Amino acid sequence: MISHLVHNPEIDLTLVGRLSPVSGIGQITEAFYGTLSDRVNLNFINTEGPLLLVNNVLGDRQYDAGQLKAYGNVSVFADVLWNGAGDAKFKRVPNSIVKVAYVAFDSSVFPPEWLAIIESDFDCVAVPTPSLKKVLLSSGVKKPVFVLPLALDLRPYLQTTKSDLSFQPRPFRFGTVSAYHRRKNHDKVIAAFLDAFGPKDTNFELVIHSNLNFFKEYERLQGLIERAGAKNIILSHGNLSSEDCVNFLNSLDVYVLASAGEGFSITPRQALALGKTCVLSGIFGHDDINSSGLCLKVESKLPRPAIYDEIDGRVFGLQYDPYHHDLVQQLLKAHRQRQILALSAKQRCDFATQYDLSIQRYAYKALCKPATISRGSSDEITEHGLVTQSTELYEKYAKFTVTAERKKLFSKKNDQITRKVLIGHDGGFFSLFNTYLSHLVWNADQGAIQHILPDWRIESMVKYWKTDKFTSFCYGRKEDGNIWLKLFGNPYKDLPEEAYQTDELLYQGATGPFHNWNSEKEPYLTYIHAYELYRRTDFQQWRQWYNYYYRQHVHMNPAITNKVNSVYDRNLTDTYSIGMHVRHPSHAIEQPGQKIAHFDKFIQLARQQLAKKQKEIGSNWKVFLATDQDRVVRYFREEFGEHLVTVADIARTTEEQDQQFDSLSKQEQMKEGFQIQHRMASDHNRWSTHLAEEVCVDALLLSKCNSFIHTTSNVATAVSFMNPAVEMIYCG
């Protein structure tokens with residue numbers, strides 16, 4: 001039926017899917033259209049109803065007309081690949097150069113029919129989670145598999161005023177929006193709720209809603225509730241508008257989903273976007289959410305055959321039920337620890353942001369219209385394109401995409417600049433870091449530029465600045481090579497690490513090293529001007545923006561993250577935490593009016609913050625202190641006692657050194673040389689990447705606190721975008 005269509009190379013994508021955005025499978029079509037409709041030339045083939053739908057409505061949007069006779073370079077199948085005998089919707093995919101199957105499944109094994117269809121009719125596969133990629137590979141798929149999270153329109157959830165219901169005089173409400181289907185385990189949630197709170201206690205409420213009812217599951221559950229005599233469990237059934245769904249989820253104190261199998265859970269991500277506490281089964285479909293540490297995970301290791309009544313009653317692998325006792329305990333914990341859990345609501349919102357259409361559009365475009373296609377040892381979607389280990393797929397994409405090899409050749413022949421390489425400078429560690437990230441944020445994808453790269457090699461810095469006498473820089477040695485890689489790893493997956501170590505490779509397609517503070521585009525980022533950044537009305541949006549690039553390109557060395565996690569897990573989990581960055585008084589030179597707050601002011605602000613939270617946290621609080629002075633540690637220990645947390649083995653100025661500083665005149669104190677990095681920088685033998693690791697550990701721990709008291713500093717600025725959820729409190 002589609003044999004009359006011809007290939008049109010000006011069409012980038014032919015989307016083959018269904019127009020049912022209220023269903024989970026319909027969300028795949030929504031995701032591709034929502035991320036790409038304004039970024040690529042797209043046409044559409046419907047899998048339900050009329051075969052071709054062009055110039056037709058999808059929701060409240062409309063497709064472009066004039067593409068009835070042609071298909072694009074890439075086709076994506078966004079429906080159920082095979083749903084039982086006689087289902088051949090996948091045959092509606094036209095003969096594009098590259099054919100992609102987007103699949104999600106909720107069992108431990110994929111149907112063999114799916115594998116056969118992939119092998120015979122598609123060039124590669126996209127799945128929504130890394131765990132599902134593992135399942136697909138273990139099931140025997142031979143074609144390349146890419147991870148592409150299902151992009152969701154979370155704006156109505158993220159922009160909704162979050163309801164803090166946990167402390168209002170009303171029933172404490174658990175609930176879910178999920179299909180009435182046996183695998184969703186609503187009966188197990190009902191049983192756990194009754195064991196936790198009983199059938200008569202109207203201080204607690206369980207509400208379940210869905211527009212879908214499979215095999216009279218809704219009626220079966222109603223019978224269970226009636227037999228239990230439960231007065232505090234409510235089931236509802238029917239279509240909800242988008243607004244109604246937001247309002248329903250926002251009315252919950254705790255979202256619960258104890259499903260035995262999920263391909264990609266949508267409603268938990270919507271609940272997280274509202275800041276809700278989530279109790280989720282520990283199945284592979286929830287791995288990427290549960291691994292955030294922001295949900296209450298229910299151990300789910302009770303195997304059961306995955307019976308698919310909707311696929312001819314077939315059995316495909318196993319699904320896993322939750323342990324009843326663990327589900328009961330997590331429901332109780334969600335209520336008992338509601339004060340502590342409420343403190344991380346903003347973190348849950350920010351975590352969910354990564355699944356929003358606005359963030360995922362880059363990855364979707366990279367799959368359907370990549371800027372480059374590269375060979376590699378894995379199959380991955382990168383910032384600008386694709387890397388694949390499949391020669392066959394590589395050659396197909398290469399027919400309409402610039403290959404990495406051709407891009408290098410092209411840049412050499414035509415002297416086209418495709419990279420900017422920022423040289424390191426003499427400054428504190430986060431001065432270098434923030435300057436690089438600022439250029440990354442502002443210059444990525446500008447014109448022909450594909451990579452913004454750091455050159456933190458000592459020999460390069462010495463050559464560029466024409467001196468090896470640095471005042472502040474002390475964060476590595478010549479033999480460390482490019483120091484960035486010692487701390488963060490490769491910021492771009494499509495470049496080998498060796499590309500950062502030699503001029504010949506690093507500056508290929510670039511004009512020599514450059515350096516500026518990017519102040520013409522980001523005037524408030526550096527030095528004393530950051531004070532103005534903190535006061536801007538759009539500071540929160542700025543933090544989200546920078547955080548996106550931070551998460552994309554900054555991959556901390558495991559040694560750093562392991563130390564951070566060790567300190568955090570021992571001292572700061574399940575508690576309200578205030579982070580404080582108390583700087584050496586010589587940093588007054590960088591403050592507005594050359595005045596820096598005494599540490600007594602930090603203590604005053606901390607006490608005020610604790611007083612505000614007293615009803616919620618009681619004595620369950622900690623103060624994490626990051627400082628470059630021994631005397632501040634001693635002073636704060638006397639003030640906060642066992643509530644104080646610091647990192648051991650951090651280089652700090654001694655009390656004797658600071659007494660000498662105190663004896664100087666104001667004019668002498670405002671000279672450089674008294675801070676810990678100044679003392680280290682003066683002696684090349686003391687230079688070490690360990691010093692950089694120390695400040696990274698402190699900054700990351702500060703970013704994991706609930707509130708952060710700070711002055712003007714590059715550390716504070718970095719913390720602000722490392723975690724946009726942390727509350728920033730300026731200490732002036």
# chains A, B, ... in the order shown; residues from 1 in each chain; ligands from 1

$ residues_around --residues "A:Val298" --least-positions-apart "5" --cutoff "12 Å" --atoms "only C-alpha atoms" --output "PyMOL selection string"
chain A and resi 189+192+256-260+278-283+286-287+290+320-331+333-334

$ write_last_selection --atoms "N, CA, C and O atoms" --output "short mmCIF file (atom, residue, chain, number, x, y, z; two decimals), in the first residue's frame"
data_model
loop_
_atom_site.label_atom_id
_atom_site.label_comp_id
_atom_site.auth_asym_id
_atom_site.auth_seq_id
_atom_site.Cartn_x
_atom_site.Cartn_y
_atom_site.Cartn_z
N VAL A 189 -0.98 -3.30 46.16
CA VAL A 189 -0.94 -1.99 46.81
C VAL A 189 -2.10 -1.87 47.80
O VAL A 189 -1.93 -1.38 48.93
N ALA A 192 -1.28 -3.98 50.87
CA ALA A 192 -0.24 -3.35 51.70
C ALA A 192 -0.80 -2.13 52.43
O ALA A 192 -0.49 -1.89 53.61
N VAL A 256 2.34 5.96 44.25
CA VAL A 256 2.70 4.55 44.46
C VAL A 256 2.52 3.78 43.16
O VAL A 256 1.45 3.86 42.53
N LEU A 257 3.54 3.02 42.76
CA LEU A 257 3.40 2.10 41.63
C LEU A 257 4.22 0.86 41.93
O LEU A 257 5.45 0.91 41.96
N ALA A 258 3.54 -0.25 42.18
CA ALA A 258 4.20 -1.51 42.55
C ALA A 258 4.14 -2.51 41.41
O ALA A 258 4.12 -3.71 41.61
N SER A 259 4.15 -2.02 40.18
CA SER A 259 4.00 -2.84 38.99
C SER A 259 5.07 -3.93 38.91
O SER A 259 6.20 -3.75 39.33
N ALA A 260 4.68 -5.08 38.32
CA ALA A 260 5.62 -6.19 38.12
C ALA A 260 6.46 -6.00 36.87
O ALA A 260 7.48 -6.69 36.71
N CYS A 278 7.75 9.25 45.82
CA CYS A 278 7.31 8.11 45.02
C CYS A 278 7.76 6.80 45.67
O CYS A 278 8.93 6.66 46.04
N VAL A 279 6.82 5.87 45.80
CA VAL A 279 7.11 4.50 46.23
C VAL A 279 7.00 3.63 44.98
O VAL A 279 5.92 3.50 44.40
N LEU A 280 8.12 3.03 44.56
CA LEU A 280 8.16 2.32 43.29
C LEU A 280 8.74 0.92 43.45
O LEU A 280 9.69 0.72 44.22
N SER A 281 8.19 -0.02 42.70
CA SER A 281 8.74 -1.38 42.71
C SER A 281 10.15 -1.36 42.13
O SER A 281 10.47 -0.56 41.25
N GLY A 282 10.98 -2.27 42.62
CA GLY A 282 12.38 -2.33 42.20
C GLY A 282 12.58 -3.19 40.97
O GLY A 282 13.35 -4.16 41.01
N ILE A 283 11.90 -2.86 39.89
CA ILE A 283 11.99 -3.62 38.64
C ILE A 283 12.88 -2.86 37.66
O ILE A 283 13.15 -1.67 37.85
N HIS A 286 12.09 0.59 36.38
CA HIS A 286 12.22 1.73 37.30
C HIS A 286 13.67 1.99 37.69
O HIS A 286 13.93 2.85 38.53
N ASP A 287 14.61 1.24 37.10
CA ASP A 287 16.01 1.35 37.52
C ASP A 287 16.53 2.77 37.45
O ASP A 287 17.19 3.27 38.38
N ASN A 290 14.81 4.84 40.26
CA ASN A 290 15.21 4.43 41.61
C ASN A 290 16.68 4.72 41.89
O ASN A 290 17.05 5.01 43.03
N TYR A 320 8.39 -9.44 37.86
CA TYR A 320 8.77 -9.60 39.27
C TYR A 320 7.86 -8.78 40.18
O TYR A 320 7.73 -7.57 40.03
N ASP A 321 7.25 -9.50 41.13
CA ASP A 321 6.36 -8.87 42.09
C ASP A 321 7.15 -8.33 43.28
O ASP A 321 8.21 -8.86 43.64
N PRO A 322 6.61 -7.29 43.93
CA PRO A 322 7.26 -6.75 45.13
C PRO A 322 7.00 -7.63 46.35
O PRO A 322 6.01 -8.37 46.41
N TYR A 323 7.91 -7.56 47.31
CA TYR A 323 7.69 -8.21 48.60
C TYR A 323 6.62 -7.43 49.37
O TYR A 323 6.74 -6.21 49.54
N HIS A 324 5.62 -8.13 49.85
CA HIS A 324 4.52 -7.48 50.56
C HIS A 324 5.03 -6.70 51.77
O HIS A 324 4.67 -5.53 51.96
N HIS A 325 5.88 -7.32 52.58
CA HIS A 325 6.36 -6.66 53.80
C HIS A 325 7.11 -5.38 53.46
O HIS A 325 6.94 -4.35 54.14
N ASP A 326 7.96 -5.43 52.41
CA ASP A 326 8.74 -4.25 52.05
C ASP A 326 7.83 -3.14 51.53
O ASP A 326 8.06 -1.95 51.82
N LEU A 327 6.78 -3.50 50.81
CA LEU A 327 5.83 -2.49 50.32
C LEU A 327 5.11 -1.83 51.50
O LEU A 327 4.95 -0.60 51.53
N VAL A 328 4.72 -2.63 52.48
CA VAL A 328 4.08 -2.07 53.68
C VAL A 328 5.02 -1.09 54.38
O VAL A 328 4.63 0.03 54.74
N GLN A 329 6.28 -1.50 54.55
CA GLN A 329 7.24 -0.66 55.26
C GLN A 329 7.51 0.65 54.53
O GLN A 329 7.68 1.69 55.16
N GLN A 330 7.56 0.59 53.20
CA GLN A 330 7.83 1.83 52.45
C GLN A 330 6.63 2.77 52.48
O GLN A 330 6.80 4.00 52.51
N LEU A 331 5.41 2.24 52.52
CA LEU A 331 4.25 3.10 52.69
C LEU A 331 4.28 3.78 54.06
O LEU A 331 4.00 4.99 54.18
N LYS A 333 6.97 4.33 55.87
CA LYS A 333 8.09 5.27 55.87
C LYS A 333 7.72 6.57 55.16
O LYS A 333 8.09 7.67 55.61
N ALA A 334 6.97 6.47 54.05
CA ALA A 334 6.56 7.66 53.31
C ALA A 334 5.76 8.61 54.19
O ALA A 334 5.82 9.83 54.03
#

$ residues_around --residues "stretch 455-471 of chain A" --least-positions-apart "2" --cutoff "8 Å" --atoms "only C-alpha atoms" --output "VMD selection string"
chain A and resid 421 to 427 453 473 to 474 476 to 478 480 to 484 500 to 501 513 672 to 673 677 to 678 681 to 682

$ atom_distance --atom1 "atom CA of A:Lys143" --atom2 "atom CA of A:Tyr364"
18.9 Å

$ closest_atom_pairs --of "stretch 249-349 of chain A" --to "stretch 105-116 of chain A" --cutoff "7 Å" --atoms "only C-alpha atoms" --output "CSV"
residue,atom,partner,partner_atom,distance
A:Gly261,CA,A:Asp106,CA,4.6
A:Glu262,CA,A:Asp106,CA,4.4
A:Gly263,CA,A:Asp106,CA,4.5
A:Ala306,CA,A:Ser107,CA,6.4
A:Phe316,CA,A:Val109,CA,5.8
A:Gly317,CA,A:Val109,CA,4.8
A:Leu318,CA,A:Ser108,CA,5.3
A:Gln319,CA,A:Ser107,CA,5.4

$ atom_distance --atom1 "atom CA of A:Glu310" --atom2 "atom CA of A:Gly84"
7.6 Å

$ atom_distance --atom1 "atom CA of A:Val74" --atom2 "atom CA of A:Tyr394"
13.3 Å

$ residues_around --residues "stretch 353-363 of chain A" --least-positions-apart "3" --cutoff "6 Å" --atoms "only C-alpha atoms" --output "list of chain:residue names"
A:Thr35, A:Ala151, A:Leu152, A:Asp153, A:Leu154, A:Asp350, A:Ala366

$ write_last_selection --atoms "N, CA and C atoms" --output "PDB file, in the first residue's frame"
ATOM      1  N   THR A  35       9.544  16.755  19.926  1.00  0.00           N
ATOM      2  CA  THR A  35      10.947  17.158  19.944  1.00  0.00           C
ATOM      3  C   THR A  35      11.458  17.604  18.582  1.00  0.00           C
ATOM      4  N   ALA A 151      10.675  11.140  25.614  1.00  0.00           N
ATOM      5  CA  ALA A 151      10.548  12.567  25.932  1.00  0.00           C
ATOM      6  C   ALA A 151       9.096  12.882  26.294  1.00  0.00           C
ATOM      7  N   LEU A 152       8.908  13.581  27.383  1.00  0.00           N
ATOM      8  CA  LEU A 152       7.567  13.890  27.893  1.00  0.00           C
ATOM      9  C   LEU A 152       7.374  15.399  27.972  1.00  0.00           C
ATOM     10  N   ASP A 153       6.172  15.837  27.744  1.00  0.00           N
ATOM     11  CA  ASP A 153       5.862  17.253  27.941  1.00  0.00           C
ATOM     12  C   ASP A 153       5.553  17.461  29.421  1.00  0.00           C
ATOM     13  N   LEU A 154       6.578  17.804  30.175  1.00  0.00           N
ATOM     14  CA  LEU A 154       6.435  17.956  31.622  1.00  0.00           C
ATOM     15  C   LEU A 154       6.189  19.399  32.049  1.00  0.00           C
ATOM     16  N   ASP A 350      13.728  18.675  39.793  1.00  0.00           N
ATOM     17  CA  ASP A 350      14.880  18.895  38.919  1.00  0.00           C
ATOM     18  C   ASP A 350      15.346  17.602  38.265  1.00  0.00           C
ATOM     19  N   ALA A 366      19.629  13.887  17.064  1.00  0.00           N
ATOM     20  CA  ALA A 366      20.855  13.135  16.769  1.00  0.00           C
ATOM     21  C   ALA A 366      20.542  11.763  16.184  1.00  0.00           C
TER      22      ALA A 366
END

$ residues_around --residues "stretch 430-445 of chain A" --least-positions-apart "3" --cutoff "10 Å" --atoms "only C-alpha atoms" --output "ChimeraX atom specification"
/A:383-384,418-427,448-456,473,484,515-519,521-522,525-527,545-550,553-554,692,695-696,699,713-718

$ residues_around --residues "stretch 632-636 of chain A" --least-positions-apart "6" --cutoff "8 Å" --atoms "only C-alpha atoms" --output "list in words"
Val582, Phe599, Leu625, Leu644 and Thr646 of chain A

$ select_by_dssp --residues "stretch 225-373 of chain A" --states "strand (DSSP E)" --output "VMD selection string"
chain A and resid 233 to 237 254 to 257 277 to 281 296 to 298 302 to 308 314 to 321 373

$ write_last_selection --atoms "N, CA and C atoms" --output "JSON list (two decimals), in the first residue's frame"
[["chain", "number", "residue", "atom", "x", "y", "z"],
["A", 233, "ILE", "N", -10.43, 3.68, 50.52],
["A", 233, "ILE", "CA", -9.83, 3.36, 49.23],
["A", 233, "ILE", "C", -10.83, 3.72, 48.14],
["A", 234, "ILE", "N", -10.39, 4.51, 47.16],
["A", 234, "ILE", "CA", -11.27, 5.02, 46.12],
["A", 234, "ILE", "C", -10.71, 4.62, 44.76],
["A", 235, "LEU", "N", -11.52, 3.99, 43.94],
["A", 235, "LEU", "CA", -11.16, 3.69, 42.55],
["A", 235, "LEU", "C", -11.99, 4.59, 41.64],
["A", 236, "SER", "N", -11.38, 5.06, 40.56],
["A", 236, "SER", "CA", -12.12, 5.83, 39.57],
["A", 236, "SER", "C", -11.65, 5.43, 38.19],
["A", 237, "HIS", "N", -12.52, 5.62, 37.21],
["A", 237, "HIS", "CA", -12.24, 5.13, 35.86],
["A", 237, "HIS", "C", -12.81, 6.12, 34.85],
["A", 254, "VAL", "N", 1.74, 10.98, 48.26],
["A", 254, "VAL", "CA", 2.71, 9.96, 47.85],
["A", 254, "VAL", "C", 2.16, 9.25, 46.61],
["A", 255, "TYR", "N", 3.00, 9.16, 45.59],
["A", 255, "TYR", "CA", 2.65, 8.38, 44.40],
["A", 255, "TYR", "C", 3.17, 6.95, 44.60],
["A", 256, "VAL", "N", 2.34, 5.96, 44.25],
["A", 256, "VAL", "CA", 2.70, 4.55, 44.46],
["A", 256, "VAL", "C", 2.52, 3.78, 43.16],
["A", 257, "LEU", "N", 3.54, 3.02, 42.76],
["A", 257, "LEU", "CA", 3.40, 2.10, 41.63],
["A", 257, "LEU", "C", 4.22, 0.86, 41.93],
["A", 277, "THR", "N", 6.77, 12.52, 46.63],
["A", 277, "THR", "CA", 7.44, 11.31, 47.09],
["A", 277, "THR", "C", 6.87, 10.14, 46.31],
["A", 278, "CYS", "N", 7.75, 9.25, 45.82],
["A", 278, "CYS", "CA", 7.31, 8.11, 45.02],
["A", 278, "CYS", "C", 7.76, 6.80, 45.67],
["A", 279, "VAL", "N", 6.82, 5.87, 45.80],
["A", 279, "VAL", "CA", 7.11, 4.50, 46.23],
["A", 279, "VAL", "C", 7.00, 3.63, 44.98],
["A", 280, "LEU", "N", 8.12, 3.03, 44.56],
["A", 280, "LEU", "CA", 8.16, 2.32, 43.29],
["A", 280, "LEU", "C", 8.74, 0.92, 43.45],
["A", 281, "SER", "N", 8.19, -0.02, 42.70],
["A", 281, "SER", "CA", 8.74, -1.38, 42.71],
["A", 281, "SER", "C", 10.15, -1.36, 42.13],
["A", 296, "LEU", "N", 11.42, 5.88, 47.09],
["A", 296, "LEU", "CA", 11.42, 4.78, 48.04],
["A", 296, "LEU", "C", 11.24, 3.49, 47.25],
["A", 297, "LYS", "N", 12.30, 2.72, 47.16],
["A", 297, "LYS", "CA", 12.32, 1.52, 46.33],
["A", 297, "LYS", "C", 11.81, 0.31, 47.12],
["A", 298, "VAL", "N", 10.92, -0.46, 46.48],
["A", 298, "VAL", "CA", 10.38, -1.67, 47.08],
["A", 298, "VAL", "C", 11.05, -2.87, 46.44],
["A", 302, "LEU", "N", 10.13, -11.43, 43.38],
["A", 302, "LEU", "CA", 9.28, -12.62, 43.32],
["A", 302, "LEU", "C", 8.90, -12.87, 41.86],
["A", 303, "PRO", "N", 9.48, -13.89, 41.22],
["A", 303, "PRO", "CA", 9.24, -14.09, 39.78],
["A", 303, "PRO", "C", 7.86, -14.66, 39.50],
["A", 304, "ARG", "N", 7.31, -14.24, 38.38],
["A", 304, "ARG", "CA", 6.07, -14.83, 37.90],
["A", 304, "ARG", "C", 6.11, -14.82, 36.37],
["A", 305, "PRO", "N", 5.49, -15.80, 35.72],
["A", 305, "PRO", "CA", 5.50, -15.82, 34.26],
["A", 305, "PRO", "C", 4.78, -14.59, 33.70],
["A", 306, "ALA", "N", 5.38, -13.99, 32.69],
["A", 306, "ALA", "CA", 4.80, -12.80, 32.07],
["A", 306, "ALA", "C", 3.80, -13.25, 31.01],
["A", 307, "ILE", "N", 2.53, -13.34, 31.42],
["A", 307, "ILE", "CA", 1.45, -13.80, 30.53],
["A", 307, "ILE", "C", 0.82, -12.58, 29.85],
["A", 308, "TYR", "N", 0.77, -12.61, 28.53],
["A", 308, "TYR", "CA", 0.22, -11.50, 27.76],
["A", 308, "TYR", "C", -1.09, -11.95, 27.10],
["A", 314, "ARG", "N", 0.14, -15.48, 25.14],
["A", 314, "ARG", "CA", 1.49, -16.02, 25.15],
["A", 314, "ARG", "C", 2.24, -15.64, 26.44],
["A", 315, "VAL", "N", 3.29, -16.41, 26.74],
["A", 315, "VAL", "CA", 4.16, -16.14, 27.88],
["A", 315, "VAL", "C", 5.54, -15.77, 27.34],
["A", 316, "PHE", "N", 6.05, -14.61, 27.76],
["A", 316, "PHE", "CA", 7.38, -14.16, 27.35],
["A", 316, "PHE", "C", 8.19, -13.81, 28.59],
["A", 317, "GLY", "N", 9.03, -14.73, 29.04],
["A", 317, "GLY", "CA", 9.92, -14.44, 30.15],
["A", 317, "GLY", "C", 9.22, -14.26, 31.48],
["A", 318, "LEU", "N", 9.84, -13.46, 32.34],
["A", 318, "LEU", "CA", 9.36, -13.27, 33.71],
["A", 318, "LEU", "C", 9.13, -11.79, 34.01],
["A", 319, "GLN", "N", 8.22, -11.57, 34.95],
["A", 319, "GLN", "CA", 8.07, -10.28, 35.61],
["A", 319, "GLN", "C", 8.27, -10.52, 37.10],
["A", 320, "TYR", "N", 8.39, -9.44, 37.86],
["A", 320, "TYR", "CA", 8.77, -9.60, 39.27],
["A", 320, "TYR", "C", 7.86, -8.78, 40.18],
["A", 321, "ASP", "N", 7.25, -9.50, 41.13],
["A", 321, "ASP", "CA", 6.36, -8.87, 42.09],
["A", 321, "ASP", "C", 7.15, -8.33, 43.28],
["A", 373, "ILE", "N", 28.21, 10.95, 11.88],
["A", 373, "ILE", "CA", 28.14, 9.53, 12.19],
["A", 373, "ILE", "C", 29.57, 9.03, 12.32]]

$ residues_around --residues "stretch 27-31 of chain A" --least-positions-apart "3" --cutoff "10 Å" --atoms "only C-alpha atoms" --output "ChimeraX atom specification"
/A:15-24,34-37,44,46,58-59,76-79,102-104,128,149-153,266,356-357,360-361,364

$ write_last_selection --atoms "N, CA and C atoms" --output "short mmCIF file (atom, residue, chain, number, x, y, z; two decimals), in the first residue's frame"
data_model
loop_
_atom_site.label_atom_id
_atom_site.label_comp_id
_atom_site.auth_asym_id
_atom_site.auth_seq_id
_atom_site.Cartn_x
_atom_site.Cartn_y
_atom_site.Cartn_z
N LEU A 15 7.69 9.54 10.34
CA LEU A 15 7.26 8.99 11.63
C LEU A 15 6.05 8.09 11.40
N VAL A 16 6.15 6.85 11.85
CA VAL A 16 5.07 5.88 11.68
C VAL A 16 4.56 5.52 13.07
N GLY A 17 3.33 5.94 13.40
CA GLY A 17 2.83 5.73 14.76
C GLY A 17 1.34 5.91 14.86
N ARG A 18 0.86 6.05 16.08
CA ARG A 18 -0.58 6.17 16.31
C ARG A 18 -0.91 7.49 16.98
N LEU A 19 -2.10 8.01 16.68
CA LEU A 19 -2.56 9.28 17.23
C LEU A 19 -3.42 9.02 18.46
N SER A 20 -2.77 8.58 19.55
CA SER A 20 -3.51 8.34 20.79
C SER A 20 -2.63 8.76 21.96
N PRO A 21 -2.46 10.08 22.14
CA PRO A 21 -1.55 10.57 23.17
C PRO A 21 -1.92 10.19 24.59
N VAL A 22 -3.19 9.74 24.82
CA VAL A 22 -3.58 9.36 26.18
C VAL A 22 -3.05 7.99 26.56
N SER A 23 -2.59 7.21 25.58
CA SER A 23 -2.05 5.89 25.88
C SER A 23 -0.53 5.96 25.97
N GLY A 24 0.04 4.98 26.69
CA GLY A 24 1.49 4.96 26.82
C GLY A 24 2.18 4.81 25.48
N GLY A 34 6.92 16.04 19.22
CA GLY A 34 7.15 17.18 20.11
C GLY A 34 8.59 17.67 20.11
N THR A 35 9.54 16.76 19.93
CA THR A 35 10.95 17.16 19.94
C THR A 35 11.46 17.60 18.58
N LEU A 36 10.82 17.15 17.50
CA LEU A 36 11.42 17.33 16.17
C LEU A 36 10.59 18.14 15.19
N SER A 37 9.33 18.43 15.47
CA SER A 37 8.47 19.06 14.47
C SER A 37 8.99 20.41 14.01
N PHE A 44 4.29 11.96 8.20
CA PHE A 44 3.69 11.02 9.15
C PHE A 44 2.85 9.97 8.44
N ASN A 46 0.09 7.00 9.60
CA ASN A 46 -0.70 6.53 10.73
C ASN A 46 -0.79 5.00 10.72
N LEU A 58 -2.64 16.37 15.07
CA LEU A 58 -2.14 15.53 16.15
C LEU A 58 -2.31 16.34 17.43
N GLY A 59 -3.28 15.97 18.24
CA GLY A 59 -3.61 16.81 19.39
C GLY A 59 -4.14 18.13 18.86
N VAL A 76 11.01 6.08 11.52
CA VAL A 76 10.92 5.57 12.89
C VAL A 76 9.55 4.95 13.10
N PHE A 77 9.54 3.68 13.50
CA PHE A 77 8.29 3.00 13.85
C PHE A 77 8.05 3.20 15.35
N ALA A 78 6.93 3.87 15.68
CA ALA A 78 6.68 4.29 17.06
C ALA A 78 5.44 3.62 17.65
N ASP A 79 5.12 2.41 17.18
CA ASP A 79 3.95 1.69 17.68
C ASP A 79 4.42 0.34 18.22
N TYR A 102 11.42 1.87 17.51
CA TYR A 102 11.45 2.31 18.91
C TYR A 102 10.59 1.32 19.71
N VAL A 103 11.21 0.58 20.62
CA VAL A 103 10.48 -0.49 21.32
C VAL A 103 10.59 -0.34 22.83
N ALA A 104 9.54 -0.74 23.50
CA ALA A 104 9.53 -0.84 24.96
C ALA A 104 8.76 -2.10 25.33
N PRO A 128 13.92 3.08 25.63
CA PRO A 128 13.86 4.24 26.53
C PRO A 128 14.81 4.20 27.72
N PRO A 149 15.64 8.08 26.00
CA PRO A 149 14.52 8.18 26.94
C PRO A 149 13.27 8.75 26.26
N LEU A 150 12.11 8.27 26.68
CA LEU A 150 10.87 8.78 26.13
C LEU A 150 10.70 10.23 26.57
N ALA A 151 10.68 11.14 25.61
CA ALA A 151 10.55 12.57 25.93
C ALA A 151 9.10 12.88 26.29
N LEU A 152 8.91 13.58 27.38
CA LEU A 152 7.57 13.89 27.89
C LEU A 152 7.37 15.40 27.97
N ASP A 153 6.17 15.84 27.74
CA ASP A 153 5.86 17.25 27.94
C ASP A 153 5.55 17.46 29.42
N ILE A 266 5.67 6.36 32.81
CA ILE A 266 5.45 7.78 32.53
C ILE A 266 4.95 8.52 33.76
N ASP A 356 12.13 16.00 29.99
CA ASP A 356 11.26 16.95 29.30
C ASP A 356 11.64 17.06 27.83
N LEU A 357 10.66 17.37 27.00
CA LEU A 357 10.88 17.52 25.56
C LEU A 357 12.01 18.51 25.26
N GLN A 360 15.35 16.68 25.83
CA GLN A 360 15.58 15.50 25.00
C GLN A 360 15.64 15.80 23.51
N ARG A 361 15.29 17.00 23.09
CA ARG A 361 15.23 17.27 21.64
C ARG A 361 16.58 17.08 20.95
N TYR A 364 16.98 13.31 20.26
CA TYR A 364 16.07 12.86 19.21
C TYR A 364 16.55 13.32 17.84
#

$ residues_around --residues "A:Glu205" --least-positions-apart "5" --cutoff "8 Å" --atoms "only C-alpha atoms" --output "list of chain:residue names"
A:Pro171, A:Phe172, A:Arg173, A:Phe174, A:Asn232, A:Ile233, A:Ile234

$ closest_residue --among "A:Pro268, A:Pro9, A:Pro496, A:Gly579" --to "A:Thr627" --atoms "only C-alpha atoms"
A:Gly579

$ select_by_dssp --residues "stretch 348-541 of chain A" --states "helix (DSSP H, G or I)" --output "PyMOL selection string"
chain A and resi 348-353+357-368+391-397+404-414+429-443+458-465+478-480+483-487+497-500+503-506+527-535+539-541
